[in-house]
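What follows is one structure encoded as structure tokens, with my remarks underneath.
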Amino acid sequence: MTTPSSPDFSTATRTPLRPFTDTSLSALVAGFVAMMTGYTSSLVLMFQAGRAAHLTDAQISSWIWALSMGMALCTIGLSLRFRAPIVIAWSTPGAALLVSSLPHVAYPEAIGAFIVCALLLTIVGLTGWFDTLMKKIPAGIAAALLAGILFEIGIEIFRAAQFQTALVLAMFFTYLAVKRFATRYAIPATLVVGTAVAGALGLLDFSAFRVAFAVPVLTAPAFSLSAIVSIGIPLFVVAMASQNVPGIAVLRADGYQTPSAPLIATTGVASLLLAPFGSHGVNLAAITAAICTGREAHEDRSKRYMAAVWCGLFYLIAGIFGATIAALFGSLPKALVVSVAALALFGSIMSGLTNAMHDARQREAALVTFMVTASGLTLLSIGSAFWGLVAGLLTQFVLNARRT
């Protein structure tokens with residue numbers, strides 16, 4: 001999957017670590033936007049699943065705390081270790097799966113299923129077979145996969161313009177104006193202007209905001225075949241197909257050749273340790289990772305790891321305060337959140353489309369990958385990223401297989 005122009009980061013870990021020197025305002029804002037995008041897009045799924053399964057507020061808060069701690073520590077640790085913007089997230093498709101499956105099993109049995117899923121992820125990481133698989137994916141298809149994943153988020157700004165026209169247009173033209181003269185500050189300026197305009201329009205509502213610390217709740221696991229089959233195995237498949245594969249593709253598309261085995265093994269171990277507190281698993285991020293791997297995070301590619309570190313620090317703060325973060329994000333208009341996220345991903349979408357069409361032999365397969373991935377297709381509880389990859393590889397094989 002390595003393109004000729006992709007830089008080699010194999011020496012990054014041998015250079016002195018200088019986080020304070022390597023950070024910047026754009027990296028800090030990219031980290032905040034990445035964290036904000038991750039939480040606002042799917043945090044509600046945890047509340048929905050918890051309420052459906054009749055979990056207590058303390059158990060739901062512990063669930064969010066466990067996920068946040070896992071994401072924070074893995075994101076910070078892996079980004080500093082490999083000097084690359086490695087963002088860890090919870091499995092959003094997995095959370096959606098739990099909305100329908102969690103109410104049908106006892107909570108301790110669900111914890112046991114989470115542990116089984118974490119063990120499988122750890123084994124996959126330690127054996128290293130995932131690296132072998134990723135090396136067989138053509139660069140054009142990987143780039144198209146990235147563009148397709150991000151496309152749905154990118155167009156949200158124009159959908160939001162239908163309902164909050166003044167706010168979105170103010171943010172969009174701020175982005176264009178600042179990008180014209182000071183690219184590094186385009187997203188920070190857009191966020192500031194968007195918040196100010198939202199306040200002026202009366203769209204900020206902090207009436208429900210309250211500060212409360214999360215308290216971890218330990219639940220002893222119980223193991224049952226039905227819970228493992230209905231929750232554990234599907235969670236593993238969804239995490240691999242809908243999160244880890246596109247997560248590695250995002251890193252590869254932006255030139256980071258970080259080995260995938262230690263990343264997946266680390267998230268597997270973290271998931272294993274935090275499962276008794278409610279965590280259904282953490283894995284590689286794709287959309288939020290792209291916010292930190294693009295040029296908007298930092299002009300210098302070798303310093304973009306600090307955007308991920310900032311994201312991890314914000315995860316840590318969110319985890320400490322548990323459900324408080326949901327109330328905070330609930331105070332912001334949805335149009336503001338999706339618009340900032342979309343604008344932050346413009347560069348990554350452009351890069352993905354450009355690289356996807358670069359090789360004529362892969363062009364049609366890349367187009368199929370992009371279209372299927374961007375469609376949002378879901379089959380067998382597995383998201384469009386996996387099916388886009390499958391469709392692209394099949395197209396590439398049929399069109400370019402050696403003829404006898």
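Each chain in the structure tokens gets a letter, A, B, ..., in the order shown, and its residues are numbered from 1; ligands are numbered from 1 in order too.
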
*Tell me, as a ChimeraX atom specification, which residues lie within 12 Å of A:Val178, counting only C-alpha atoms; anything in the same chain fewer than 4 positions away does not count.*
/A:171-174,182-191,193

How about saving the chosen residues, C-alpha atoms kept, as a PDB file, in the first residue's frame?
ATOM      1  CA  MET A 171     -18.234  29.329   9.213  1.00  0.00           C
ATOM      2  CA  PHE A 172     -17.701  28.351   5.571  1.00  0.00           C
ATOM      3  CA  PHE A 173     -16.614  31.809   4.416  1.00  0.00           C
ATOM      4  CA  THR A 174     -14.446  32.244   7.510  1.00  0.00           C
ATOM      5  CA  ALA A 182      -3.098  31.590   6.934  1.00  0.00           C
ATOM      6  CA  THR A 183      -3.849  27.908   6.270  1.00  0.00           C
ATOM      7  CA  ARG A 184      -2.765  26.706   9.721  1.00  0.00           C
ATOM      8  CA  TYR A 185      -5.383  28.819  11.475  1.00  0.00           C
ATOM      9  CA  ALA A 186      -8.372  28.108   9.205  1.00  0.00           C
ATOM     10  CA  ILE A 187     -10.008  25.525  11.480  1.00  0.00           C
ATOM     11  CA  PRO A 188      -9.288  27.339  14.802  1.00  0.00           C
ATOM     12  CA  ALA A 189     -10.710  30.567  13.375  1.00  0.00           C
ATOM     13  CA  THR A 190     -13.755  28.741  12.025  1.00  0.00           C
ATOM     14  CA  LEU A 191     -14.438  27.167  15.416  1.00  0.00           C
ATOM     15  CA  VAL A 193     -16.378  32.349  14.701  1.00  0.00           C
TER      16      VAL A 193
END

A:Gly31: which residues within 10 Å, counting only C-alpha atoms, same-chain residues fewer than 5 positions away excluded, as a short mmCIF file (atom, residue, chain, number, x, y, z; two decimals) with C-alpha atoms, in the first residue's frame?
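Final output, around.cif:
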data_model
loop_
_atom_site.label_atom_id
_atom_site.label_comp_id
_atom_site.auth_asym_id
_atom_site.auth_seq_id
_atom_site.Cartn_x
_atom_site.Cartn_y
_atom_site.Cartn_z
CA LEU A 25 -2.41 25.71 18.01
CA SER A 26 -3.60 23.89 14.90
CA MET A 36 -15.65 16.33 19.82
CA THR A 37 -16.55 14.56 16.57
CA PRO A 85 -1.14 10.46 14.82
CA VAL A 87 -6.20 7.90 17.30
CA THR A 288 -11.48 11.10 13.82
CA ALA A 289 -7.98 9.88 12.92
CA ILE A 291 -8.72 14.95 11.32
CA CYS A 292 -5.33 14.47 12.99
CA ALA A 297 -3.38 19.42 12.03
CA ARG A 304 1.05 15.71 13.50
CA TYR A 305 1.33 13.09 16.22
CA MET A 306 0.75 15.92 18.69
CA ALA A 307 -2.78 16.40 17.36
CA ALA A 308 -3.51 12.82 18.43
CA VAL A 309 -1.83 13.41 21.79
CA TRP A 310 -4.11 16.40 22.37
CA CYS A 311 -7.08 14.28 21.35
CA GLY A 312 -6.02 11.71 23.95
CA LEU A 313 -5.73 14.39 26.63
CA PHE A 314 -9.25 15.61 25.85
CA TYR A 315 -10.43 11.99 26.02
#

Restrict the calculation to only C-alpha atoms, then for each residue of stretch 255-359 of chain A with any atom at most 7 Å from an atom of stretch 118-124 of chain A give the closest atom pair and their distance in Å to one decimal, rows by chain and rising residue number, as JSON lines.
{"residue": "A:Ile264", "atom": "CA", "partner": "A:Leu121", "partner_atom": "CA", "distance": 6.7}
{"residue": "A:Ala265", "atom": "CA", "partner": "A:Thr122", "partner_atom": "CA", "distance": 4.6}
{"residue": "A:Gly268", "atom": "CA", "partner": "A:Thr122", "partner_atom": "CA", "distance": 4.3}
{"residue": "A:Val269", "atom": "CA", "partner": "A:Thr122", "partner_atom": "CA", "distance": 6.0}
{"residue": "A:Ser271", "atom": "CA", "partner": "A:Ala118", "partner_atom": "CA", "distance": 5.4}
{"residue": "A:Leu272", "atom": "CA", "partner": "A:Ala118", "partner_atom": "CA", "distance": 5.0}
{"residue": "A:Gly281", "atom": "CA", "partner": "A:Ala118", "partner_atom": "CA", "distance": 6.7}

Write the residues of the selection above to a file with C-alpha atoms, as a compact mmCIF listing (two decimals), in the first residue's frame.
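After the write, again.txt holds the following:
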# COMPACT_ATOMS: atom_id res chain seq x y z
CA ILE A 264 -4.30 -3.83 17.50
CA ALA A 265 -2.64 -5.85 20.27
CA GLY A 268 -7.03 -5.60 22.59
CA VAL A 269 -5.22 -5.63 25.93
CA SER A 271 -10.24 -3.62 26.04
CA LEU A 272 -9.55 -6.75 28.08
CA GLY A 281 -13.96 -2.39 23.24

Counting only C-alpha atoms, which residues in stretch 379-399 of chain A sit no more than 6 Å from stretch 359-375 of chain A? For each one, give the nearest pair of atoms and the distance in Å, sorted by chain then residue number, as CSV.
residue,atom,partner,partner_atom,distance
A:Ser384,CA,A:Thr373,CA,4.8
A:Ala385,CA,A:Thr373,CA,5.0
A:Gly388,CA,A:Thr369,CA,4.5
A:Leu389,CA,A:Thr369,CA,5.8
A:Gly392,CA,A:Thr369,CA,4.5
A:Thr395,CA,A:Ala365,CA,5.2
A:Gln396,CA,A:Ala365,CA,5.1

Residue subset to file, keeping N, CA and C atoms, as a short mmCIF file (atom, residue, chain, number, x, y, z; two decimals), in the first residue's frame:
data_model
loop_
_atom_site.label_atom_id
_atom_site.label_comp_id
_atom_site.auth_asym_id
_atom_site.auth_seq_id
_atom_site.Cartn_x
_atom_site.Cartn_y
_atom_site.Cartn_z
N SER A 384 -20.28 -0.04 5.71
CA SER A 384 -19.94 0.10 4.30
C SER A 384 -18.44 0.09 4.03
N ALA A 385 -17.61 0.43 5.03
CA ALA A 385 -16.16 0.45 4.80
C ALA A 385 -15.66 -0.95 4.42
N GLY A 388 -17.10 -1.87 0.94
CA GLY A 388 -16.41 -1.10 -0.09
C GLY A 388 -15.07 -1.71 -0.43
N LEU A 389 -14.36 -2.15 0.62
CA LEU A 389 -13.06 -2.79 0.41
C LEU A 389 -13.24 -4.10 -0.36
N GLY A 392 -14.14 -3.34 -4.01
CA GLY A 392 -12.99 -2.83 -4.75
C GLY A 392 -11.99 -3.92 -5.10
N THR A 395 -13.42 -6.11 -7.85
CA THR A 395 -13.34 -5.40 -9.13
C THR A 395 -11.93 -5.41 -9.68
N GLN A 396 -10.96 -5.15 -8.81
CA GLN A 396 -9.56 -5.16 -9.22
C GLN A 396 -9.14 -6.54 -9.72
#

*Smallest atom-to-atom distance to A:Thr219: which of A:Ala142, A:Leu274, A:Leu98, A:Ile64, using only C-alpha atoms?*
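Of A:Ala142, A:Leu274, A:Leu98, A:Ile64, the one nearest A:Thr219 is A:Leu274, counting only C-alpha atoms.
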